[in-house]
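J.: For reference, the file run.txt (compact mmCIF, N, CA and C atoms) is included below:
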```txt
# COMPACT_ATOMS: atom_id res chain seq x y z
N MET A 1 0.83 -1.16 0.00
CA MET A 1 0.00 0.00 0.00
C MET A 1 0.88 1.23 0.00
N ILE A 2 0.51 2.17 -0.84
CA ILE A 2 1.29 3.40 -0.94
C ILE A 2 0.33 4.56 -0.71
N SER A 3 0.70 5.47 0.17
CA SER A 3 -0.12 6.65 0.36
C SER A 3 0.78 7.87 0.33
N ARG A 4 0.20 8.96 -0.19
CA ARG A 4 0.95 10.22 -0.22
C ARG A 4 -0.05 11.36 -0.17
N ILE A 5 0.38 12.48 0.35
CA ILE A 5 -0.47 13.65 0.43
C ILE A 5 -0.20 14.51 -0.80
N LEU A 6 -1.26 14.82 -1.53
CA LEU A 6 -1.15 15.63 -2.74
C LEU A 6 -1.02 17.10 -2.39
N GLU A 7 -0.64 17.92 -3.38
CA GLU A 7 -0.47 19.34 -3.16
C GLU A 7 -1.73 20.01 -2.64
N ASN A 8 -2.91 19.50 -3.06
CA ASN A 8 -4.17 20.11 -2.62
C ASN A 8 -4.61 19.62 -1.24
N GLY A 9 -3.80 18.79 -0.59
CA GLY A 9 -4.11 18.30 0.75
C GLY A 9 -4.84 16.97 0.78
N ASN A 10 -5.27 16.48 -0.36
CA ASN A 10 -5.96 15.18 -0.41
C ASN A 10 -4.96 14.05 -0.21
N LEU A 11 -5.46 12.94 0.27
CA LEU A 11 -4.65 11.75 0.46
C LEU A 11 -4.88 10.81 -0.72
N GLU A 12 -3.81 10.46 -1.41
CA GLU A 12 -3.90 9.50 -2.50
C GLU A 12 -3.41 8.16 -1.98
N VAL A 13 -4.22 7.13 -2.17
CA VAL A 13 -3.88 5.80 -1.69
C VAL A 13 -3.89 4.85 -2.87
N THR A 14 -2.82 4.10 -3.01
CA THR A 14 -2.73 3.07 -4.04
C THR A 14 -2.63 1.74 -3.32
N ILE A 15 -3.60 0.88 -3.60
CA ILE A 15 -3.61 -0.44 -2.98
C ILE A 15 -3.35 -1.46 -4.09
N PRO A 16 -2.22 -2.15 -4.02
CA PRO A 16 -1.93 -3.13 -5.06
C PRO A 16 -2.84 -4.35 -4.91
N VAL A 17 -3.68 -4.56 -5.88
CA VAL A 17 -4.57 -5.72 -5.87
C VAL A 17 -4.54 -6.36 -7.25
N SER A 18 -4.92 -7.61 -7.28
CA SER A 18 -5.05 -8.33 -8.54
C SER A 18 -6.49 -8.79 -8.66
N LEU A 19 -7.01 -8.75 -9.86
CA LEU A 19 -8.34 -9.28 -10.12
C LEU A 19 -8.16 -10.65 -10.75
N ARG A 20 -8.76 -11.64 -10.14
CA ARG A 20 -8.64 -13.02 -10.63
C ARG A 20 -10.03 -13.64 -10.76
N ALA A 21 -10.17 -14.52 -11.72
CA ALA A 21 -11.41 -15.27 -11.87
C ALA A 21 -11.22 -16.63 -11.21
N ARG A 22 -12.11 -16.92 -10.26
CA ARG A 22 -12.09 -18.21 -9.58
C ARG A 22 -13.52 -18.72 -9.51
N SER A 23 -13.72 -19.92 -9.92
CA SER A 23 -15.05 -20.53 -9.91
C SER A 23 -16.06 -19.67 -10.65
N GLY A 24 -15.62 -19.04 -11.71
CA GLY A 24 -16.51 -18.23 -12.52
C GLY A 24 -16.83 -16.87 -11.93
N ARG A 25 -16.22 -16.51 -10.81
CA ARG A 25 -16.45 -15.22 -10.17
C ARG A 25 -15.16 -14.43 -10.11
N ARG A 26 -15.27 -13.14 -10.29
CA ARG A 26 -14.10 -12.29 -10.17
C ARG A 26 -13.82 -12.02 -8.70
N ARG A 27 -12.56 -12.10 -8.33
CA ARG A 27 -12.15 -11.89 -6.94
C ARG A 27 -11.06 -10.83 -6.89
N ILE A 28 -11.07 -10.06 -5.83
CA ILE A 28 -9.99 -9.11 -5.58
C ILE A 28 -9.00 -9.83 -4.68
N ILE A 29 -7.76 -9.94 -5.14
CA ILE A 29 -6.71 -10.61 -4.39
C ILE A 29 -5.73 -9.54 -3.93
N MET A 30 -5.57 -9.44 -2.61
CA MET A 30 -4.62 -8.49 -2.07
C MET A 30 -3.32 -9.22 -1.75
N PRO A 31 -2.21 -8.51 -1.82
CA PRO A 31 -0.94 -9.15 -1.44
C PRO A 31 -0.96 -9.52 0.03
N ASP A 32 -0.10 -10.43 0.41
CA ASP A 32 -0.05 -10.92 1.79
C ASP A 32 0.73 -10.00 2.72
N THR A 33 0.74 -8.71 2.42
CA THR A 33 1.51 -7.78 3.24
C THR A 33 0.77 -7.35 4.49
N VAL A 34 -0.55 -7.49 4.53
CA VAL A 34 -1.32 -7.06 5.68
C VAL A 34 -1.69 -8.29 6.49
N SER A 35 -1.20 -8.37 7.71
CA SER A 35 -1.48 -9.55 8.52
C SER A 35 -1.94 -9.21 9.93
N ASP A 36 -2.29 -7.94 10.15
CA ASP A 36 -2.65 -7.50 11.51
C ASP A 36 -4.15 -7.36 11.72
N GLY A 37 -4.96 -7.96 10.88
CA GLY A 37 -6.41 -7.87 11.03
C GLY A 37 -7.04 -6.74 10.25
N THR A 38 -6.24 -5.88 9.64
CA THR A 38 -6.79 -4.77 8.87
C THR A 38 -7.14 -5.17 7.45
N GLU A 39 -6.70 -6.34 7.02
CA GLU A 39 -6.94 -6.76 5.63
C GLU A 39 -8.41 -6.72 5.25
N PRO A 40 -9.32 -7.28 6.04
CA PRO A 40 -10.73 -7.22 5.64
C PRO A 40 -11.24 -5.78 5.52
N LEU A 41 -10.79 -4.90 6.40
CA LEU A 41 -11.22 -3.51 6.32
C LEU A 41 -10.64 -2.81 5.10
N ALA A 42 -9.37 -3.03 4.83
CA ALA A 42 -8.74 -2.42 3.66
C ALA A 42 -9.38 -2.94 2.38
N LEU A 43 -9.66 -4.22 2.33
CA LEU A 43 -10.31 -4.81 1.16
C LEU A 43 -11.71 -4.23 0.99
N ALA A 44 -12.45 -4.11 2.08
CA ALA A 44 -13.80 -3.53 2.00
C ALA A 44 -13.75 -2.09 1.51
N LEU A 45 -12.78 -1.32 1.98
CA LEU A 45 -12.62 0.06 1.51
C LEU A 45 -12.32 0.12 0.02
N ALA A 46 -11.40 -0.74 -0.41
CA ALA A 46 -11.06 -0.78 -1.84
C ALA A 46 -12.29 -1.11 -2.67
N ARG A 47 -13.06 -2.09 -2.21
CA ARG A 47 -14.29 -2.45 -2.93
C ARG A 47 -15.28 -1.29 -2.93
N ALA A 48 -15.44 -0.62 -1.80
CA ALA A 48 -16.41 0.48 -1.70
C ALA A 48 -16.14 1.56 -2.74
N PHE A 49 -14.91 1.98 -2.82
CA PHE A 49 -14.57 3.04 -3.76
C PHE A 49 -14.65 2.56 -5.21
N ARG A 50 -14.22 1.34 -5.45
CA ARG A 50 -14.26 0.79 -6.81
C ARG A 50 -15.70 0.59 -7.28
N TRP A 51 -16.54 0.02 -6.42
CA TRP A 51 -17.93 -0.23 -6.80
C TRP A 51 -18.68 1.07 -7.04
N GLN A 52 -18.43 2.07 -6.21
CA GLN A 52 -19.09 3.36 -6.43
C GLN A 52 -18.62 3.96 -7.75
N GLN A 53 -17.34 3.78 -8.07
CA GLN A 53 -16.82 4.29 -9.34
C GLN A 53 -17.51 3.60 -10.52
N TYR A 54 -17.78 2.30 -10.41
CA TYR A 54 -18.51 1.58 -11.45
C TYR A 54 -19.88 2.22 -11.69
N ILE A 55 -20.57 2.55 -10.61
CA ILE A 55 -21.90 3.16 -10.74
C ILE A 55 -21.77 4.57 -11.30
N ASP A 56 -20.82 5.35 -10.79
CA ASP A 56 -20.62 6.72 -11.27
C ASP A 56 -20.26 6.76 -12.75
N ASP A 57 -19.47 5.79 -13.20
CA ASP A 57 -19.06 5.73 -14.60
C ASP A 57 -20.13 5.16 -15.52
N GLY A 58 -21.22 4.64 -14.94
CA GLY A 58 -22.30 4.08 -15.74
C GLY A 58 -22.10 2.64 -16.14
N LYS A 59 -21.08 1.99 -15.60
CA LYS A 59 -20.87 0.57 -15.91
C LYS A 59 -22.04 -0.25 -15.40
N PHE A 60 -22.59 0.16 -14.24
CA PHE A 60 -23.80 -0.44 -13.69
C PHE A 60 -24.75 0.69 -13.35
N LYS A 61 -26.04 0.45 -13.55
CA LYS A 61 -27.03 1.50 -13.31
C LYS A 61 -27.24 1.77 -11.83
N ASN A 62 -27.15 0.74 -11.03
CA ASN A 62 -27.47 0.90 -9.61
C ASN A 62 -26.87 -0.26 -8.81
N ILE A 63 -27.11 -0.23 -7.52
CA ILE A 63 -26.58 -1.25 -6.62
C ILE A 63 -27.14 -2.63 -6.96
N THR A 64 -28.40 -2.67 -7.34
CA THR A 64 -29.03 -3.95 -7.69
C THR A 64 -28.30 -4.63 -8.83
N GLU A 65 -28.02 -3.88 -9.88
CA GLU A 65 -27.32 -4.43 -11.04
C GLU A 65 -25.89 -4.83 -10.68
N LEU A 66 -25.22 -4.00 -9.90
CA LEU A 66 -23.85 -4.30 -9.46
C LEU A 66 -23.83 -5.57 -8.61
N ALA A 67 -24.77 -5.68 -7.68
CA ALA A 67 -24.83 -6.84 -6.79
C ALA A 67 -25.00 -8.13 -7.59
N LYS A 68 -25.87 -8.11 -8.58
CA LYS A 68 -26.06 -9.29 -9.42
C LYS A 68 -24.77 -9.66 -10.13
N ASN A 69 -24.04 -8.66 -10.61
CA ASN A 69 -22.81 -8.91 -11.34
C ASN A 69 -21.71 -9.49 -10.47
N VAL A 70 -21.60 -9.01 -9.23
CA VAL A 70 -20.53 -9.50 -8.36
C VAL A 70 -20.96 -10.71 -7.54
N GLY A 71 -22.22 -11.11 -7.66
CA GLY A 71 -22.69 -12.32 -7.01
C GLY A 71 -22.95 -12.17 -5.51
N LEU A 72 -23.32 -10.96 -5.09
CA LEU A 72 -23.63 -10.71 -3.69
C LEU A 72 -25.03 -10.12 -3.57
N ASP A 73 -25.58 -10.16 -2.36
CA ASP A 73 -26.90 -9.57 -2.20
C ASP A 73 -26.77 -8.05 -2.12
N GLU A 74 -27.87 -7.37 -2.43
CA GLU A 74 -27.86 -5.90 -2.47
C GLU A 74 -27.46 -5.27 -1.15
N ALA A 75 -27.91 -5.84 -0.04
CA ALA A 75 -27.60 -5.27 1.27
C ALA A 75 -26.09 -5.27 1.53
N THR A 76 -25.43 -6.34 1.16
CA THR A 76 -23.98 -6.43 1.36
C THR A 76 -23.26 -5.38 0.53
N VAL A 77 -23.67 -5.24 -0.72
CA VAL A 77 -23.05 -4.24 -1.60
C VAL A 77 -23.32 -2.84 -1.08
N ALA A 78 -24.55 -2.56 -0.65
CA ALA A 78 -24.89 -1.24 -0.14
C ALA A 78 -24.10 -0.90 1.12
N ARG A 79 -23.98 -1.88 2.03
CA ARG A 79 -23.19 -1.65 3.26
C ARG A 79 -21.73 -1.38 2.93
N THR A 80 -21.22 -2.09 1.94
CA THR A 80 -19.82 -1.90 1.56
C THR A 80 -19.62 -0.53 0.94
N ILE A 81 -20.48 -0.15 0.02
CA ILE A 81 -20.35 1.16 -0.64
C ILE A 81 -20.46 2.30 0.38
N ARG A 82 -21.22 2.09 1.42
CA ARG A 82 -21.38 3.11 2.46
C ARG A 82 -20.05 3.45 3.13
N LEU A 83 -19.08 2.55 3.08
CA LEU A 83 -17.78 2.79 3.72
C LEU A 83 -17.05 3.97 3.10
N ARG A 84 -17.40 4.34 1.88
CA ARG A 84 -16.73 5.49 1.26
C ARG A 84 -17.09 6.79 1.95
N LEU A 85 -18.09 6.75 2.85
CA LEU A 85 -18.51 7.93 3.60
C LEU A 85 -17.79 8.08 4.93
N LEU A 86 -16.86 7.17 5.21
CA LEU A 86 -16.07 7.27 6.45
C LEU A 86 -15.17 8.50 6.40
N SER A 87 -14.86 9.01 7.56
CA SER A 87 -13.98 10.19 7.63
C SER A 87 -12.61 9.84 7.04
N PRO A 88 -11.96 10.83 6.45
CA PRO A 88 -10.61 10.59 5.90
C PRO A 88 -9.64 10.09 6.97
N THR A 89 -9.81 10.52 8.20
CA THR A 89 -8.94 10.06 9.28
C THR A 89 -9.09 8.56 9.49
N ILE A 90 -10.34 8.08 9.51
CA ILE A 90 -10.59 6.66 9.70
C ILE A 90 -10.04 5.86 8.53
N VAL A 91 -10.29 6.33 7.31
CA VAL A 91 -9.78 5.65 6.11
C VAL A 91 -8.26 5.56 6.18
N HIS A 92 -7.61 6.66 6.51
CA HIS A 92 -6.15 6.69 6.58
C HIS A 92 -5.63 5.72 7.65
N ARG A 93 -6.29 5.69 8.80
CA ARG A 93 -5.87 4.79 9.87
C ARG A 93 -6.05 3.33 9.48
N ILE A 94 -7.13 3.01 8.76
CA ILE A 94 -7.35 1.63 8.30
C ILE A 94 -6.24 1.24 7.34
N ILE A 95 -5.93 2.11 6.43
CA ILE A 95 -4.89 1.81 5.43
C ILE A 95 -3.53 1.63 6.08
N LYS A 96 -3.24 2.44 7.08
CA LYS A 96 -1.95 2.32 7.77
C LYS A 96 -1.93 1.18 8.78
N GLY A 97 -3.10 0.60 9.07
CA GLY A 97 -3.16 -0.49 10.04
C GLY A 97 -3.10 -0.01 11.48
N GLU A 98 -3.41 1.26 11.69
CA GLU A 98 -3.36 1.86 13.03
C GLU A 98 -4.77 2.05 13.56
N ILE A 99 -5.45 0.94 13.84
CA ILE A 99 -6.83 1.03 14.29
C ILE A 99 -6.99 0.32 15.63
N PRO A 100 -7.94 0.80 16.45
CA PRO A 100 -8.20 0.09 17.69
C PRO A 100 -8.90 -1.24 17.39
N GLN A 101 -8.82 -2.15 18.32
CA GLN A 101 -9.39 -3.48 18.13
C GLN A 101 -10.90 -3.42 17.90
N ARG A 102 -11.57 -2.44 18.48
CA ARG A 102 -13.03 -2.35 18.33
C ARG A 102 -13.45 -1.94 16.92
N LEU A 103 -12.53 -1.42 16.11
CA LEU A 103 -12.88 -1.04 14.74
C LEU A 103 -12.75 -2.26 13.85
N ASN A 104 -13.88 -2.85 13.53
CA ASN A 104 -13.92 -4.04 12.68
C ASN A 104 -15.17 -3.97 11.80
N MET A 105 -15.39 -4.98 10.98
CA MET A 105 -16.53 -4.96 10.07
C MET A 105 -17.85 -4.93 10.83
N THR A 106 -17.92 -5.56 11.99
CA THR A 106 -19.14 -5.54 12.78
C THR A 106 -19.47 -4.11 13.21
N ALA A 107 -18.46 -3.38 13.68
CA ALA A 107 -18.67 -2.00 14.10
C ALA A 107 -19.10 -1.13 12.93
N LEU A 108 -18.57 -1.41 11.74
CA LEU A 108 -18.90 -0.61 10.57
C LEU A 108 -20.28 -0.92 10.00
N ARG A 109 -20.89 -2.03 10.42
CA ARG A 109 -22.25 -2.36 9.98
C ARG A 109 -23.30 -1.54 10.73
N ALA A 110 -22.93 -1.03 11.90
CA ALA A 110 -23.86 -0.24 12.71
C ALA A 110 -24.09 1.12 12.04
N PRO A 111 -25.23 1.73 12.34
CA PRO A 111 -25.48 3.08 11.79
C PRO A 111 -24.36 4.04 12.20
N LEU A 112 -23.92 4.85 11.25
CA LEU A 112 -22.84 5.79 11.49
C LEU A 112 -23.33 7.22 11.27
N SER A 113 -22.79 8.12 12.03
CA SER A 113 -23.10 9.54 11.88
C SER A 113 -22.50 10.05 10.57
N ASP A 114 -23.13 11.07 10.01
CA ASP A 114 -22.57 11.74 8.84
C ASP A 114 -21.49 12.74 9.25
N ILE A 115 -21.39 13.01 10.53
CA ILE A 115 -20.41 13.96 11.05
C ILE A 115 -19.12 13.20 11.37
N TRP A 116 -18.06 13.55 10.68
CA TRP A 116 -16.81 12.82 10.78
C TRP A 116 -16.26 12.76 12.20
N LYS A 117 -16.33 13.86 12.94
CA LYS A 117 -15.81 13.85 14.32
C LYS A 117 -16.56 12.83 15.18
N GLU A 118 -17.86 12.71 14.97
CA GLU A 118 -18.64 11.72 15.72
C GLU A 118 -18.25 10.30 15.33
N GLN A 119 -17.99 10.08 14.04
CA GLN A 119 -17.51 8.77 13.59
C GLN A 119 -16.20 8.43 14.27
N GLU A 120 -15.28 9.38 14.28
CA GLU A 120 -13.96 9.16 14.86
C GLU A 120 -14.06 8.89 16.35
N GLN A 121 -14.94 9.59 17.03
CA GLN A 121 -15.11 9.37 18.47
C GLN A 121 -15.66 7.96 18.71
N LYS A 122 -16.65 7.56 17.93
CA LYS A 122 -17.27 6.25 18.13
C LYS A 122 -16.34 5.10 17.74
N LEU A 123 -15.68 5.23 16.59
CA LEU A 123 -14.90 4.12 16.05
C LEU A 123 -13.43 4.10 16.49
N LEU A 124 -12.87 5.28 16.73
CA LEU A 124 -11.46 5.36 17.11
C LEU A 124 -11.28 5.74 18.57
N GLY A 125 -12.36 6.21 19.21
CA GLY A 125 -12.26 6.64 20.59
C GLY A 125 -11.54 7.95 20.75
N GLU A 126 -11.60 8.80 19.70
CA GLU A 126 -10.89 10.07 19.75
C GLU A 126 -11.86 11.22 19.95
N GLU A 127 -11.41 12.22 20.66
CA GLU A 127 -12.23 13.42 20.89
C GLU A 127 -11.99 14.42 19.80
```
Could you render the structure from this file as structure tokens?
T.:
Amino acid sequence: MISRILENGNLEVTIPVSLRARSGRRRIIMPDTVSDGTEPLALALARAFRWQQYIDDGKFKNITELAKNVGLDEATVARTIRLRLLSPTIVHRIIKGEIPQRLNMTALRAPLSDIWKEQEQKLLGEE
């Protein structure tokens, strides 16, 4: 994983992944560099941004069409895409692997505030 801060202050993250077909389904394969429990979160984030980009680019009309294509139910796809609304601080911490133990996929399934500071307080325990 490579991250850098751009001149405009945005964080650019490059996650090296491979797309492979297995059992007739496309899979995202991440390198074995993440072994501290953050892999599922980083993978979910990568999927969230990629799937939303598919919809934004018109490759799929909506979540229903995307879900059928990736072989998952709509609720799972919708929950995953919702991760793109996490605060930049949380996203950055997930990518760096600097997250508290309570921040996991179960915690991210719960309703989240639209206010980033509230998200950070709930998920990272920060004021």
J.: Name the residues of chain A that fall into alpha helix (DSSP H) according to DSSP on the backbone, using the chain letters and numbers of this document, as number ranges by chain.
T.: A: 39-56, 63-70, 74-81, 88-96, 105-109, 116-124
J.: What's the separation between atom C of Arg109 in chain A and atom N of Val13 in chain A, in Å to one decimal place?
T.: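 Rounded to one decimal, the two atoms are 24.6 Å apart.
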J.: Please report the interatomic distance between atom N of Val70 in chain A and CA of Arg27 in chain A in Å with one decimal.
T.: 10.1 Å
J.: Considering all atoms listed in the file, state which residue in the set A:Leu11, A:Ala48, A:Ile5, A:Ile94 is at the smallest distance from Arg82 in chain A.
T.: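 Checking each candidate against Arg82 in chain A, we get A:Ala48 as the closest.
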J.: Measuring atom to atom with only C-alpha atoms, identify which of A:Glu65, A:Ala78, A:Gly125, A:Arg84 is nearest to Arg50 in chain A.
T.: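 So, comparing all the options, the nearest one is A:Arg84.
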J.: May I ask for the distance between CA of Pro100 in chain A and CA of Ala75 in chain A, given in Å to one decimal place?
T.: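 Taking CA of Pro100 in chain A as the start and CA of Ala75 in chain A as the end point, the length is 26.0 Å.
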